[in-house]
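structure.pdb (PDB, C-alpha atoms and all ligand atoms) appears below.
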ATOM      1  CA  MET A   1     125.503  53.681-100.271
ATOM      2  CA  GLU A   2     123.401  56.842-100.125
ATOM      3  CA  LEU A   3     121.611  58.148 -97.071
ATOM      4  CA  SER A   4     118.014  59.337 -97.515
ATOM      5  CA  ASP A   5     116.023  61.115 -94.833
ATOM      6  CA  ILE A   6     112.529  59.653 -94.886
ATOM      7  CA  GLN A   7     110.926  60.913 -91.724
ATOM      8  CA  THR A   8     111.588  63.463 -89.031
ATOM      9  CA  THR A   9     109.857  63.619 -85.685
ATOM     10  CA  GLY A  10     110.447  65.950 -82.764
ATOM     11  CA  LYS A  11     113.629  64.297 -81.550
ATOM     12  CA  GLY A  12     114.477  61.520 -83.967
ATOM     13  CA  ARG A  13     115.038  60.759 -87.598
ATOM     14  CA  VAL A  14     114.456  57.756 -89.808
ATOM     15  CA  TYR A  15     116.693  57.104 -92.783
ATOM     16  CA  TYR A  16     117.294  54.399 -95.295
ATOM     17  CA  LEU A  17     120.664  53.715 -96.809
ATOM     18  CA  ALA A  18     120.147  52.916-100.474
ATOM     19  CA  SER A  19     122.369  50.056-101.589
ATOM     20  CA  HIS A  20     122.210  46.529-103.084
ATOM     21  CA  THR A  21     120.348  45.739 -99.873
ATOM     22  CA  ASN A  22     118.674  48.813 -98.419
ATOM     23  CA  VAL A  23     119.318  49.323 -94.711
ATOM     24  CA  GLY A  24     117.064  51.167 -92.258
ATOM     25  CA  LEU A  25     118.520  53.565 -89.718
ATOM     26  CA  VAL A  26     116.363  54.875 -86.868
ATOM     27  CA  CYS A  27     118.169  57.573 -84.876
ATOM     28  CA  ILE A  28     117.204  59.288 -81.687
ATOM     29  CA  ASP A  29     119.386  61.388 -79.417
ATOM     30  CA  ARG A  30     122.819  59.834 -80.003
ATOM     31  CA  ASP A  31     121.550  56.269 -80.496
ATOM     32  CA  ALA A  32     120.899  54.420 -83.750
ATOM     33  CA  LEU A  33     119.001  51.228 -84.486
ATOM     34  CA  LEU A  34     119.750  49.439 -87.742
ATOM     35  CA  ILE A  35     117.350  47.331 -89.763
ATOM     36  CA  ASP A  36     119.613  44.799 -91.514
ATOM     37  CA  SER A  37     123.342  45.247 -92.059
ATOM     38  CA  GLY A  38     124.076  44.519 -95.734
ATOM     39  CA  LEU A  39     126.045  41.696 -97.331
ATOM     40  CA  ASP A  40     129.524  41.829 -95.860
ATOM     41  CA  ASP A  41     132.255  43.731 -94.021
ATOM     42  CA  ASP A  42     132.404  46.386 -96.761
ATOM     43  CA  ALA A  43     128.701  47.152 -96.416
ATOM     44  CA  ALA A  44     129.021  47.259 -92.614
ATOM     45  CA  LYS A  45     132.040  49.607 -92.804
ATOM     46  CA  LYS A  46     130.008  52.028 -94.944
ATOM     47  CA  ILE A  47     127.132  51.890 -92.443
ATOM     48  CA  ASP A  48     129.589  52.495 -89.613
ATOM     49  CA  ARG A  49     131.087  55.524 -91.411
ATOM     50  CA  ILE A  50     127.615  56.975 -91.992
ATOM     51  CA  ALA A  51     126.796  56.547 -88.285
ATOM     52  CA  VAL A  52     130.031  58.330 -87.361
ATOM     53  CA  GLY A  53     129.155  61.134 -89.824
ATOM     54  CA  LYS A  54     125.739  61.497 -88.173
ATOM     55  CA  ASN A  55     127.351  61.454 -84.730
ATOM     56  CA  VAL A  56     125.230  58.517 -83.550
ATOM     57  CA  GLY A  57     126.324  55.310 -81.824
ATOM     58  CA  LEU A  58     125.130  52.016 -83.296
ATOM     59  CA  HIS A  59     123.091  50.456 -80.528
ATOM     60  CA  THR A  60     120.975  47.629 -81.962
ATOM     61  CA  VAL A  61     120.671  45.653 -85.212
ATOM     62  CA  ILE A  62     117.383  43.990 -86.119
ATOM     63  CA  SER A  63     117.818  41.367 -88.849
ATOM     64  CA  THR A  64     114.624  40.887 -90.857
ATOM     65  CA  HIS A  65     115.675  37.388 -91.961
ATOM     66  CA  HIS A  66     118.698  35.139 -92.315
ATOM     67  CA  HIS A  67     119.698  35.699 -95.964
ATOM     68  CA  ALA A  68     123.333  36.743 -96.128
ATOM     69  CA  ASP A  69     122.668  40.005 -97.973
ATOM     70  CA  HIS A  70     120.673  41.119 -94.895
ATOM     71  CA  CYS A  71     122.835  39.901 -92.004
ATOM     72  CA  GLY A  72     126.310  39.541 -93.569
ATOM     73  CA  GLY A  73     127.435  42.862 -92.058
ATOM     74  CA  ASN A  74     126.560  41.789 -88.487
ATOM     75  CA  ALA A  75     129.913  40.068 -87.800
ATOM     76  CA  TYR A  76     131.941  43.194 -88.604
ATOM     77  CA  LEU A  77     129.663  45.393 -86.481
ATOM     78  CA  GLN A  78     129.896  42.887 -83.619
ATOM     79  CA  ARG A  79     133.710  42.944 -83.809
ATOM     80  CA  VAL A  80     134.017  46.731 -83.747
ATOM     81  CA  HIS A  81     131.056  47.410 -81.409
ATOM     82  CA  PRO A  82     131.038  44.499 -78.923
ATOM     83  CA  GLN A  83     128.263  46.142 -76.898
ATOM     84  CA  MET A  84     125.752  46.122 -79.771
ATOM     85  CA  ALA A  85     122.550  44.083 -79.427
ATOM     86  CA  PHE A  86     121.518  41.744 -82.261
ATOM     87  CA  LEU A  87     117.856  40.808 -82.612
ATOM     88  CA  ALA A  88     115.994  38.604 -85.093
ATOM     89  CA  PRO A  89     112.736  36.637 -85.181
ATOM     90  CA  ASP A  90     112.582  33.025 -84.034
ATOM     91  CA  VAL A  91     113.993  30.486 -86.555
ATOM     92  CA  GLU A  92     115.759  33.291 -88.438
ATOM     93  CA  ALA A  93     117.823  33.974 -85.275
ATOM     94  CA  ALA A  94     118.998  30.331 -85.236
ATOM     95  CA  LEU A  95     119.980  30.514 -88.900
ATOM     96  CA  ILE A  96     121.828  33.820 -88.338
ATOM     97  CA  SER A  97     123.717  32.267 -85.398
ATOM     98  CA  SER A  98     124.553  29.129 -87.434
ATOM     99  CA  PRO A  99     124.720  30.388 -91.035
ATOM    100  CA  GLU A 100     126.194  27.101 -92.289
ATOM    101  CA  LEU A 101     122.600  25.808 -92.122
ATOM    102  CA  GLU A 102     121.541  27.776 -95.221
ATOM    103  CA  PRO A 103     123.723  25.945 -97.779
ATOM    104  CA  MET A 104     122.871  22.708 -95.918
ATOM    105  CA  TYR A 105     119.112  23.114 -96.360
ATOM    106  CA  LEU A 106     119.515  24.336 -99.936
ATOM    107  CA  PHE A 107     121.683  21.355-100.915
ATOM    108  CA  GLY A 108     120.075  18.795 -98.611
ATOM    109  CA  SER A 109     123.211  17.473 -96.902
ATOM    110  CA  PRO A 110     125.627  18.738 -94.245
ATOM    111  CA  ASP A 111     128.446  17.855 -96.660
ATOM    112  CA  VAL A 112     127.903  20.832 -98.954
ATOM    113  CA  PRO A 113     129.960  21.352-102.142
ATOM    114  CA  LYS A 114     132.344  24.225-101.500
ATOM    115  CA  GLU A 115     130.947  26.461-104.255
ATOM    116  CA  LEU A 116     127.759  26.794-102.162
ATOM    117  CA  ARG A 117     129.730  28.039 -99.166
ATOM    118  CA  ASN A 118     130.096  31.579-100.500
ATOM    119  CA  LYS A 119     129.225  34.920 -98.933
ATOM    120  CA  PHE A 120     125.893  35.134-100.782
ATOM    121  CA  LEU A 121     124.604  31.876 -99.283
ATOM    122  CA  GLN A 122     126.527  31.752 -96.003
ATOM    123  CA  ALA A 123     127.078  34.883 -93.908
ATOM    124  CA  GLN A 124     129.644  35.052 -91.150
ATOM    125  CA  PRO A 125     128.033  33.956 -87.875
ATOM    126  CA  THR A 126     126.528  36.460 -85.442
ATOM    127  CA  ARG A 127     126.953  35.597 -81.762
ATOM    128  CA  ASN A 128     124.228  36.009 -79.121
ATOM    129  CA  VAL A 129     121.283  36.774 -81.371
ATOM    130  CA  ALA A 130     118.246  37.466 -79.162
ATOM    131  CA  VAL A 131     114.812  36.377 -80.365
ATOM    132  CA  LEU A 132     112.538  39.297 -81.207
ATOM    133  CA  PRO A 133     108.851  38.323 -80.946
ATOM    134  CA  ALA A 134     106.197  39.797 -83.213
ATOM    135  CA  GLY A 135     104.385  42.721 -81.615
ATOM    136  CA  ARG A 136     105.034  46.257 -80.567
ATOM    137  CA  PHE A 137     107.809  47.808 -78.539
ATOM    138  CA  MET A 138     109.132  51.234 -77.700
ATOM    139  CA  TRP A 139     112.665  52.134 -78.647
ATOM    140  CA  HIS A 140     113.314  55.528 -77.091
ATOM    141  CA  ASP A 141     110.399  57.647 -78.382
ATOM    142  CA  TYR A 142     109.657  55.409 -81.340
ATOM    143  CA  LEU A 143     106.849  52.893 -81.425
ATOM    144  CA  LEU A 144     108.193  49.985 -83.481
ATOM    145  CA  ASP A 145     105.992  47.212 -84.853
ATOM    146  CA  VAL A 146     107.539  43.809 -85.511
ATOM    147  CA  VAL A 147     105.356  42.501 -88.322
ATOM    148  CA  PRO A 148     105.411  38.866 -89.539
ATOM    149  CA  LEU A 149     106.055  38.812 -93.319
ATOM    150  CA  GLN A 150     106.637  35.093 -93.869
ATOM    151  CA  GLY A 151     107.002  33.406 -97.244
ATOM    152  CA  HIS A 152     110.240  34.698 -98.747
ATOM    153  CA  SER A 153     111.974  33.024 -95.807
ATOM    154  CA  PRO A 154     110.474  30.956 -92.960
ATOM    155  CA  ASN A 155     109.915  33.703 -90.388
ATOM    156  CA  GLN A 156     110.809  37.004 -92.039
ATOM    157  CA  ILE A 157     109.642  40.189 -90.322
ATOM    158  CA  GLY A 158     109.179  43.803 -91.316
ATOM    159  CA  ILE A 159     109.649  46.771 -88.998
ATOM    160  CA  GLY A 160     107.031  49.500 -88.861
ATOM    161  CA  VAL A 161     108.114  52.840 -87.457
ATOM    162  CA  GLY A 162     105.010  54.528 -86.074
ATOM    163  CA  LYS A 163     102.367  54.844 -88.787
ATOM    164  CA  ASN A 164     104.807  56.333 -91.245
ATOM    165  CA  VAL A 165     107.249  53.784 -92.558
ATOM    166  CA  LEU A 166     107.328  50.020 -93.004
ATOM    167  CA  PHE A 167     110.691  48.446 -93.725
ATOM    168  CA  CYS A 168     109.186  45.492 -95.565
ATOM    169  CA  ALA A 169     112.346  43.402 -96.202
ATOM    170  CA  ASP A 170     111.970  40.962 -99.145
ATOM    171  CA  SER A 171     108.182  40.547 -98.873
ATOM    172  CA  VAL A 172     107.908  42.582-102.079
ATOM    173  CA  PHE A 173     110.558  44.003-104.385
ATOM    174  CA  GLY A 174     111.038  47.169-106.396
ATOM    175  CA  GLU A 175     109.465  47.106-109.868
ATOM    176  CA  GLU A 176     112.761  46.619-111.725
ATOM    177  CA  VAL A 177     113.910  43.882-109.349
ATOM    178  CA  LEU A 178     110.618  42.006-109.787
ATOM    179  CA  ALA A 179     110.925  42.198-113.586
ATOM    180  CA  LYS A 180     114.579  41.114-113.541
ATOM    181  CA  HIS A 181     114.046  38.036-111.366
ATOM    182  CA  LYS A 182     111.202  36.633-113.521
ATOM    183  CA  ILE A 183     110.454  33.983-110.869
ATOM    184  CA  PRO A 184     110.779  35.783-107.511
ATOM    185  CA  PHE A 185     112.286  33.977-104.540
ATOM    186  CA  TYR A 186     109.379  32.848-102.364
ATOM    187  CA  MET A 187     109.963  29.642-100.400
ATOM    188  CA  ASP A 188     106.443  29.174 -99.009
ATOM    189  CA  ILE A 189     103.622  30.165-101.348
ATOM    190  CA  GLY A 190     100.730  29.899 -98.855
ATOM    191  CA  SER A 191     102.543  32.173 -96.370
ATOM    192  CA  THR A 192     103.524  34.539 -99.182
ATOM    193  CA  ARG A 193      99.866  34.952-100.160
ATOM    194  CA  LYS A 194      98.911  35.688 -96.527
ATOM    195  CA  THR A 195     101.693  38.273 -96.356
ATOM    196  CA  PHE A 196     100.423  39.903 -99.575
ATOM    197  CA  GLU A 197      96.941  40.125 -98.054
ATOM    198  CA  TRP A 198      98.279  41.693 -94.854
ATOM    199  CA  LEU A 199     100.308  44.233 -96.846
ATOM    200  CA  ARG A 200      97.286  45.122 -98.979
ATOM    201  CA  GLN A 201      95.302  45.995 -95.815
ATOM    202  CA  SER A 202      98.163  48.011 -94.295
ATOM    203  CA  ASP A 203      98.313  51.790 -94.561
ATOM    204  CA  TYR A 204     101.828  53.065 -93.993
ATOM    205  CA  GLN A 205     102.760  56.248 -95.807
ATOM    206  CA  LEU A 206     105.974  54.750 -97.152
ATOM    207  CA  TYR A 207     107.221  51.205 -97.750
ATOM    208  CA  VAL A 208     110.957  50.547 -97.988
ATOM    209  CA  PRO A 209     111.734  47.215 -99.668
ATOM    210  CA  SER A 210     115.228  45.799 -99.248
ATOM    211  CA  HIS A 211     115.785  45.747-103.002
ATOM    212  CA  GLY A 212     114.514  48.683-105.062
ATOM    213  CA  GLU A 213     113.058  52.139-104.470
ATOM    214  CA  PRO A 214     110.643  53.022-101.652
ATOM    215  CA  PHE A 215     107.006  53.437-102.697
ATOM    216  CA  GLY A 216     103.673  54.562-101.256
ATOM    217  CA  ASP A 217     101.066  52.666-103.257
ATOM    218  CA  ILE A 218     101.174  49.240-101.606
ATOM    219  CA  ALA A 219      98.032  47.911-103.322
ATOM    220  CA  SER A 220      99.450  48.165-106.840
ATOM    221  CA  VAL A 221     102.817  46.720-105.777
ATOM    222  CA  VAL A 222     101.125  43.738-104.111
ATOM    223  CA  SER A 223      98.913  43.185-107.170
ATOM    224  CA  ALA A 224     101.966  43.113-109.453
ATOM    225  CA  HIS A 225     103.592  40.478-107.211
ATOM    226  CA  GLU A 226     100.397  38.435-106.967
ATOM    227  CA  GLU A 227     100.130  38.379-110.751
ATOM    228  CA  VAL A 228     103.617  36.881-110.998
ATOM    229  CA  VAL A 229     102.965  34.281-108.273
ATOM    230  CA  ASP A 230      99.587  33.373-109.862
ATOM    231  CA  SER A 231     101.264  33.043-113.243
ATOM    232  CA  VAL A 232     104.045  30.753-111.960
ATOM    233  CA  GLU A 233     101.525  28.648-110.017
ATOM    234  CA  ASP A 234      99.380  28.245-113.156
ATOM    235  CA  TYR A 235     102.461  27.416-115.203
ATOM    236  CA  VAL A 236     103.532  24.720-112.743
ATOM    237  CA  ARG A 237      99.992  23.304-112.622
ATOM    238  CA  ASN A 238      99.603  23.260-116.415
ATOM    239  CA  SER A 239     103.077  21.817-116.959
ATOM    240  CA  LEU A 240     102.168  18.672-115.026
ATOM    241  CA  ARG A 241     101.110  16.200-117.685
ATOM    242  CA  GLY A 242     101.201  12.478-117.046
ATOM    243  CA  LYS A 243     104.085  11.361-114.841
ATOM    244  CA  MET A 244     106.802  13.961-114.552
ATOM    245  CA  THR A 245     110.016  13.997-112.517
ATOM    246  CA  PHE A 246     110.775  17.052-110.395
ATOM    247  CA  ASP A 247     113.766  17.940-112.594
ATOM    248  CA  ASP A 248     111.579  17.756-115.726
ATOM    249  CA  LEU A 249     109.143  20.161-114.087
ATOM    250  CA  LEU A 250     111.985  22.458-113.014
ATOM    251  CA  ARG A 251     113.384  22.526-116.569
ATOM    252  CA  THR A 252     109.944  23.163-118.092
ATOM    253  CA  VAL A 253     109.187  26.109-115.800
ATOM    254  CA  CYS A 254     112.661  27.657-116.108
ATOM    255  CA  ASP A 255     112.500  27.274-119.923
ATOM    256  CA  GLY A 256     109.072  28.914-119.931
ATOM    257  CA  TYR A 257     110.275  31.906-117.888
ATOM    258  CA  SER A 258     113.709  32.195-119.578
ATOM    259  CA  ALA A 259     115.268  31.751-116.140
ATOM    260  CA  PRO A 260     118.453  29.811-116.906
ATOM    261  CA  ILE A 261     120.001  27.306-114.520
ATOM    262  CA  ASP A 262     123.702  27.480-115.272
ATOM    263  CA  SER A 263     125.367  26.789-111.920
ATOM    264  CA  LEU A 264     124.897  24.716-108.796
ATOM    265  CA  GLN A 265     123.870  27.881-106.921
ATOM    266  CA  ARG A 266     121.144  28.715-109.461
ATOM    267  CA  TYR A 267     120.031  25.078-109.376
ATOM    268  CA  VAL A 268     119.549  24.902-105.604
ATOM    269  CA  LEU A 269     117.813  28.293-105.490
ATOM    270  CA  MET A 270     115.386  27.521-108.336
ATOM    271  CA  LYS A 271     114.829  24.026-106.913
ATOM    272  CA  THR A 272     113.810  25.654-103.607
ATOM    273  CA  VAL A 273     111.359  28.038-105.293
ATOM    274  CA  ILE A 274     109.705  25.370-107.471
ATOM    275  CA  SER A 275     109.573  22.985-104.484
ATOM    276  CA  GLY A 276     107.498  25.668-102.741
ATOM    277  CA  PHE A 277     104.962  25.623-105.590
ATOM    278  CA  VAL A 278     104.928  21.792-105.633
ATOM    279  CA  SER A 279     104.258  21.709-101.903
ATOM    280  CA  HIS A 280     101.541  24.360-102.237
ATOM    281  CA  LEU A 281      99.734  22.364-104.975
ATOM    282  CA  TYR A 282     100.110  19.209-102.872
ATOM    283  CA  GLU A 283      98.523  20.971 -99.877
ATOM    284  CA  LYS A 284      95.664  22.098-102.125
ATOM    285  CA  GLY A 285      95.105  18.481-103.196
ATOM    286  CA  GLU A 286      96.048  19.146-106.817
ATOM    287  CA  LEU A 287      99.203  17.052-107.018
ATOM    288  CA  CYS A 288     100.417  13.606-105.918
ATOM    289  CA  PHE A 289     103.803  12.043-105.460
ATOM    290  CA  ALA A 290     104.245   8.626-107.089
ATOM    291  CA  PHE A 291     107.195   6.240-107.013
ATOM    292  CA  ASP A 292     108.199   3.758-109.690
ATOM    293  CA  LYS A 293     111.512   1.889-110.049
ATOM    294  CA  ASN A 294     113.286   4.231-107.625
ATOM    295  CA  VAL A 295     112.109   7.363-109.413
ATOM    296  CA  MET A 296     109.777   9.964-107.847
ATOM    297  CA  TYR A 297     107.111  11.316-110.200
ATOM    298  CA  LEU A 298     104.714  14.203-109.809
ATOM    299  CA  THR A 299     101.243  13.731-111.172
ATOM    300  CA  ARG A 300      98.252  16.037-111.297
ATOM    301  CA  LYS A 301      95.211  14.876-109.330
TER     302      LYS A 301
HETATM  303 ZN    ZN B 401     116.075  37.541 -98.682
END

Output the file's structure as structure tokens, nothing else.
Amino acid sequence: MELSDIQTTGKGRVYYLASHTNVGLVCIDRDALLIDSGLDDDAAKKIDRIAVGKNVGLHTVISTHHHADHCGGNAYLQRVHPQMAFLAPDVEAALISSPELEPMYLFGSPDVPKELRNKFLQAQPTRNVAVLPAGRFMWHDYLLDVVPLQGHSPNQIGIGVGKNVLFCADSVFGEEVLAKHKIPFYMDIGSTRKTFEWLRQSDYQLYVPSHGEPFGDIASVVSAHEEVVDSVEDYVRNSLRGKMTFDDLLRTVCDGYSAPIDSLQRYVLMKTVISGFVSHLYEKGELCFAFDKNVMYLTRK
């Protein structure tokens, strides 16, 4: 985990800690506010050591969304710093408080197979998570903007620090991460497209995604993501021929994108992504659900 200085003002500093999940650190006087906390205790210990090295006290953690690689370090920080405040947007706060809900919604039953109860899909719970509404607030001398960036998860937010930096969570990814994932994880395609449009109109000097390198040119990054989402949507639409089961569609799309499903975890994650496209096409009136002899079929309208 490397510390990079990305902005200096009169009294404070803004950093990001480069890691599997990048973490934002806003420091002023002797106080520090964190944006996300990494995957687990190890990530949180590294953050804690960096704060000690900078001679700042960890004061507040804002979780951008409930995925375990963003809030899995909260429990450790809460144990060692009981006075810390934990904030997250509505819905995400409930999922961070009750992280067993994530494998439940992915699998579709409260009786979840144990291989889905792992640290990547189920963080340790955070107690007393306060709801952080969208809008603007002052933290010491910093003007922070809580920006809705829904789509990747139900109520994800980004945090803007003044006009300089937007910590944009998993709304977009670094170039290499986008290429590696082939079909990026967006749960709600309509909301994702609105988020892309908002990002395109925004004008921060620097954008820090949670996965990948910071960048300045938001328009080209958004266009690259839109191309992928457009391509998957077209592929789903064009794959629907005659009556097709959901699993047939899932196999066809994953074959087409060389995105293998080789475990229950991969299955539930890809199922969630393709369900988002199915729902989006249904909302647009391009797809119907049909039922025959206890089988659900998808058909193109
Ligand atoms: Zn995420």

Next item on the list: Step by step, measure atom-to-atom distances between ligand ZN 401 (chain B) and each residue using all atoms listed in the file, keep those at most 9 Å, then write them as number ranges by chain.
Entry: A: 64-70, 152-153, 156, 169-171, 185-186, 210

Note to self: Excluding A:Asp90 and its own-chain neighbours fewer than 4 positions away, which residues fall within 9 Å of it when counting all atoms listed in the file? Please give them as a VMD selection string.
What the structure shows: chain A and resid 94 130 to 133 155

For the point (133.1, 37.7, -86.7) in the file's frame, write as a compact mmCIF listing (two decimals) with C-alpha atoms, in the frame of the given file all residues with an atom no more than 8 Å away, counting only C-alpha atoms.
# COMPACT_ATOMS: atom_id res chain seq x y z
CA ASN A 74 126.56 41.79 -88.49
CA ALA A 75 129.91 40.07 -87.80
CA TYR A 76 131.94 43.19 -88.60
CA GLN A 78 129.90 42.89 -83.62
CA ARG A 79 133.71 42.94 -83.81
CA GLN A 124 129.64 35.05 -91.15
CA PRO A 125 128.03 33.96 -87.88
CA THR A 126 126.53 36.46 -85.44

Would you mind listing what lies within 12 Å of A:Leu240 as a compact mmCIF listing (two decimals) with C-alpha atoms, in the frame of the given file, with only C-alpha atoms counted and same-chain residues fewer than 5 positions away left out?
# COMPACT_ATOMS: atom_id res chain seq x y z
CA GLU A 233 101.52 28.65 -110.02
CA ASP A 234 99.38 28.24 -113.16
CA TYR A 235 102.46 27.42 -115.20
CA THR A 245 110.02 14.00 -112.52
CA PHE A 246 110.78 17.05 -110.40
CA ASP A 247 113.77 17.94 -112.59
CA ASP A 248 111.58 17.76 -115.73
CA LEU A 249 109.14 20.16 -114.09
CA LEU A 250 111.98 22.46 -113.01
CA ARG A 251 113.38 22.53 -116.57
CA THR A 252 109.94 23.16 -118.09
CA VAL A 253 109.19 26.11 -115.80
CA VAL A 278 104.93 21.79 -105.63
CA LEU A 281 99.73 22.36 -104.98
CA GLU A 286 96.05 19.15 -106.82
CA LEU A 287 99.20 17.05 -107.02
CA CYS A 288 100.42 13.61 -105.92
CA PHE A 289 103.80 12.04 -105.46
CA TYR A 297 107.11 11.32 -110.20
CA LEU A 298 104.71 14.20 -109.81
CA THR A 299 101.24 13.73 -111.17
CA ARG A 300 98.25 16.04 -111.30
CA LYS A 301 95.21 14.88 -109.33

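Remark: for A:Pro148, the closest of the candidate residues A:Ile50, A:Val112, A:Leu199, A:Leu121 is A:Leu199 (distances computed over all atoms listed in the file).
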
Checklist line | Polymer residues at most 10 Å from (112.6, 44.0, -89.1) by only C-alpha atoms, as a ChimeraX atom specification | finding: /A:24,34-36,61-65,87-89,132,134,144-149,156-160,166-169

Limited to C-alpha atoms, could you put the picked residues into a file as a PDB file, in the frame of the given file?
ATOM      1  CA  GLY A  24     117.064  51.167 -92.258  1.00  0.00           C
ATOM      2  CA  LEU A  34     119.750  49.439 -87.742  1.00  0.00           C
ATOM      3  CA  ILE A  35     117.350  47.331 -89.763  1.00  0.00           C
ATOM      4  CA  ASP A  36     119.613  44.799 -91.514  1.00  0.00           C
ATOM      5  CA  VAL A  61     120.671  45.653 -85.212  1.00  0.00           C
ATOM      6  CA  ILE A  62     117.383  43.990 -86.119  1.00  0.00           C
ATOM      7  CA  SER A  63     117.818  41.367 -88.849  1.00  0.00           C
ATOM      8  CA  THR A  64     114.624  40.887 -90.857  1.00  0.00           C
ATOM      9  CA  HIS A  65     115.675  37.388 -91.961  1.00  0.00           C
ATOM     10  CA  LEU A  87     117.856  40.808 -82.612  1.00  0.00           C
ATOM     11  CA  ALA A  88     115.994  38.604 -85.093  1.00  0.00           C
ATOM     12  CA  PRO A  89     112.736  36.637 -85.181  1.00  0.00           C
ATOM     13  CA  LEU A 132     112.538  39.297 -81.207  1.00  0.00           C
ATOM     14  CA  ALA A 134     106.197  39.797 -83.213  1.00  0.00           C
ATOM     15  CA  LEU A 144     108.193  49.985 -83.481  1.00  0.00           C
ATOM     16  CA  ASP A 145     105.992  47.212 -84.853  1.00  0.00           C
ATOM     17  CA  VAL A 146     107.539  43.809 -85.511  1.00  0.00           C
ATOM     18  CA  VAL A 147     105.356  42.501 -88.322  1.00  0.00           C
ATOM     19  CA  PRO A 148     105.411  38.866 -89.539  1.00  0.00           C
ATOM     20  CA  LEU A 149     106.055  38.812 -93.319  1.00  0.00           C
ATOM     21  CA  GLN A 156     110.809  37.004 -92.039  1.00  0.00           C
ATOM     22  CA  ILE A 157     109.642  40.189 -90.322  1.00  0.00           C
ATOM     23  CA  GLY A 158     109.179  43.803 -91.316  1.00  0.00           C
ATOM     24  CA  ILE A 159     109.649  46.771 -88.998  1.00  0.00           C
ATOM     25  CA  GLY A 160     107.031  49.500 -88.861  1.00  0.00           C
ATOM     26  CA  LEU A 166     107.328  50.020 -93.004  1.00  0.00           C
ATOM     27  CA  PHE A 167     110.691  48.446 -93.725  1.00  0.00           C
ATOM     28  CA  CYS A 168     109.186  45.492 -95.565  1.00  0.00           C
ATOM     29  CA  ALA A 169     112.346  43.402 -96.202  1.00  0.00           C
TER      30      ALA A 169
END

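Here atom CA of A:Lys180 stands at a distance of 14.4 Å from atom CA of A:Glu213.
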
Applied to this file, what does the PyMOL selection byres (((chain A and resi 254) around 12) and not hetatm) return in terms of residues, put as a PDB file with C-alpha atoms, in the coordinates of the input?
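Once written, result38.pdb looks like this:
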ATOM      1  CA  HIS A 181     114.046  38.036-111.366  1.00  0.00           C
ATOM      2  CA  LYS A 182     111.202  36.633-113.521  1.00  0.00           C
ATOM      3  CA  ILE A 183     110.454  33.983-110.869  1.00  0.00           C
ATOM      4  CA  PRO A 184     110.779  35.783-107.511  1.00  0.00           C
ATOM      5  CA  VAL A 232     104.045  30.753-111.960  1.00  0.00           C
ATOM      6  CA  TYR A 235     102.461  27.416-115.203  1.00  0.00           C
ATOM      7  CA  VAL A 236     103.532  24.720-112.743  1.00  0.00           C
ATOM      8  CA  SER A 239     103.077  21.817-116.959  1.00  0.00           C
ATOM      9  CA  ASP A 247     113.766  17.940-112.594  1.00  0.00           C
ATOM     10  CA  ASP A 248     111.579  17.756-115.726  1.00  0.00           C
ATOM     11  CA  LEU A 249     109.143  20.161-114.087  1.00  0.00           C
ATOM     12  CA  LEU A 250     111.985  22.458-113.014  1.00  0.00           C
ATOM     13  CA  ARG A 251     113.384  22.526-116.569  1.00  0.00           C
ATOM     14  CA  THR A 252     109.944  23.163-118.092  1.00  0.00           C
ATOM     15  CA  VAL A 253     109.187  26.109-115.800  1.00  0.00           C
ATOM     16  CA  ASP A 255     112.500  27.274-119.923  1.00  0.00           C
ATOM     17  CA  GLY A 256     109.072  28.914-119.931  1.00  0.00           C
ATOM     18  CA  TYR A 257     110.275  31.906-117.888  1.00  0.00           C
ATOM     19  CA  SER A 258     113.709  32.195-119.578  1.00  0.00           C
ATOM     20  CA  ALA A 259     115.268  31.751-116.140  1.00  0.00           C
ATOM     21  CA  PRO A 260     118.453  29.811-116.906  1.00  0.00           C
ATOM     22  CA  ILE A 261     120.001  27.306-114.520  1.00  0.00           C
ATOM     23  CA  ASP A 262     123.702  27.480-115.272  1.00  0.00           C
ATOM     24  CA  ARG A 266     121.144  28.715-109.461  1.00  0.00           C
ATOM     25  CA  TYR A 267     120.031  25.078-109.376  1.00  0.00           C
ATOM     26  CA  LEU A 269     117.813  28.293-105.490  1.00  0.00           C
ATOM     27  CA  MET A 270     115.386  27.521-108.336  1.00  0.00           C
ATOM     28  CA  LYS A 271     114.829  24.026-106.913  1.00  0.00           C
ATOM     29  CA  VAL A 273     111.359  28.038-105.293  1.00  0.00           C
ATOM     30  CA  ILE A 274     109.705  25.370-107.471  1.00  0.00           C
TER      31      ILE A 274
END

Check: In terms of the shortest atom-to-atom distance over all atoms listed in the file, which of A:Gly72, A:Val268, A:Met244, A:Met84 is closest to A:Val295?
Finding: A:Met244

Next item on the list: Rank nothing, just name the residue among A:Met187, A:Val129, A:Glu197, A:Glu102 nearest to A:Arg117, using all atoms listed in the file.
Entry: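 Closest to A:Arg117, using all atoms listed in the file: A:Glu102.
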
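Nearest residue to A:Pro103 among A:Ser202, A:Asn164, A:Gln265, A:Asn294 is A:Gln265, counting only C-alpha atoms.
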
Checklist line | Atom-to-atom span, atom CA of A:Ala44 and atom CA of A:Met138, Å | finding: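 Taking atom CA of A:Ala44 and atom CA of A:Met138, their separation equals 25.2 Å.
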
Notebook entry, point to check: Do you know which residues the PyMOL selection byres (((chain A and resi 219) around 10) and not hetatm) returns on this file, as a ChimeraX atom specification?
Noted result: /A:196-197,199-203,216-218,220-224

Margin query: At a cut-off of 6 Å, using all atoms listed in the file, what residues contact A:Gly73? Leave out same-chain residues fewer than 4 positions from it and give the result as number ranges by chain.
Written below: A: 37-41, 44

Next item on the list: Between atom CA of A:Leu95 and atom CA of A:Lys114, measure the distance and give it in Å to one decimal.
Entry: 18.7 Å

Exercise on stretch 283-295 of chain A, axis-aligned box with 6 Å per side, report centre and edge lengths in Å to one decimal, as lines of an AutoDock Vina configuration file:
center_x = 104.2
center_y = 12.0
center_z = -105.0
size_x = 30.2
size_y = 32.2
size_z = 22.2
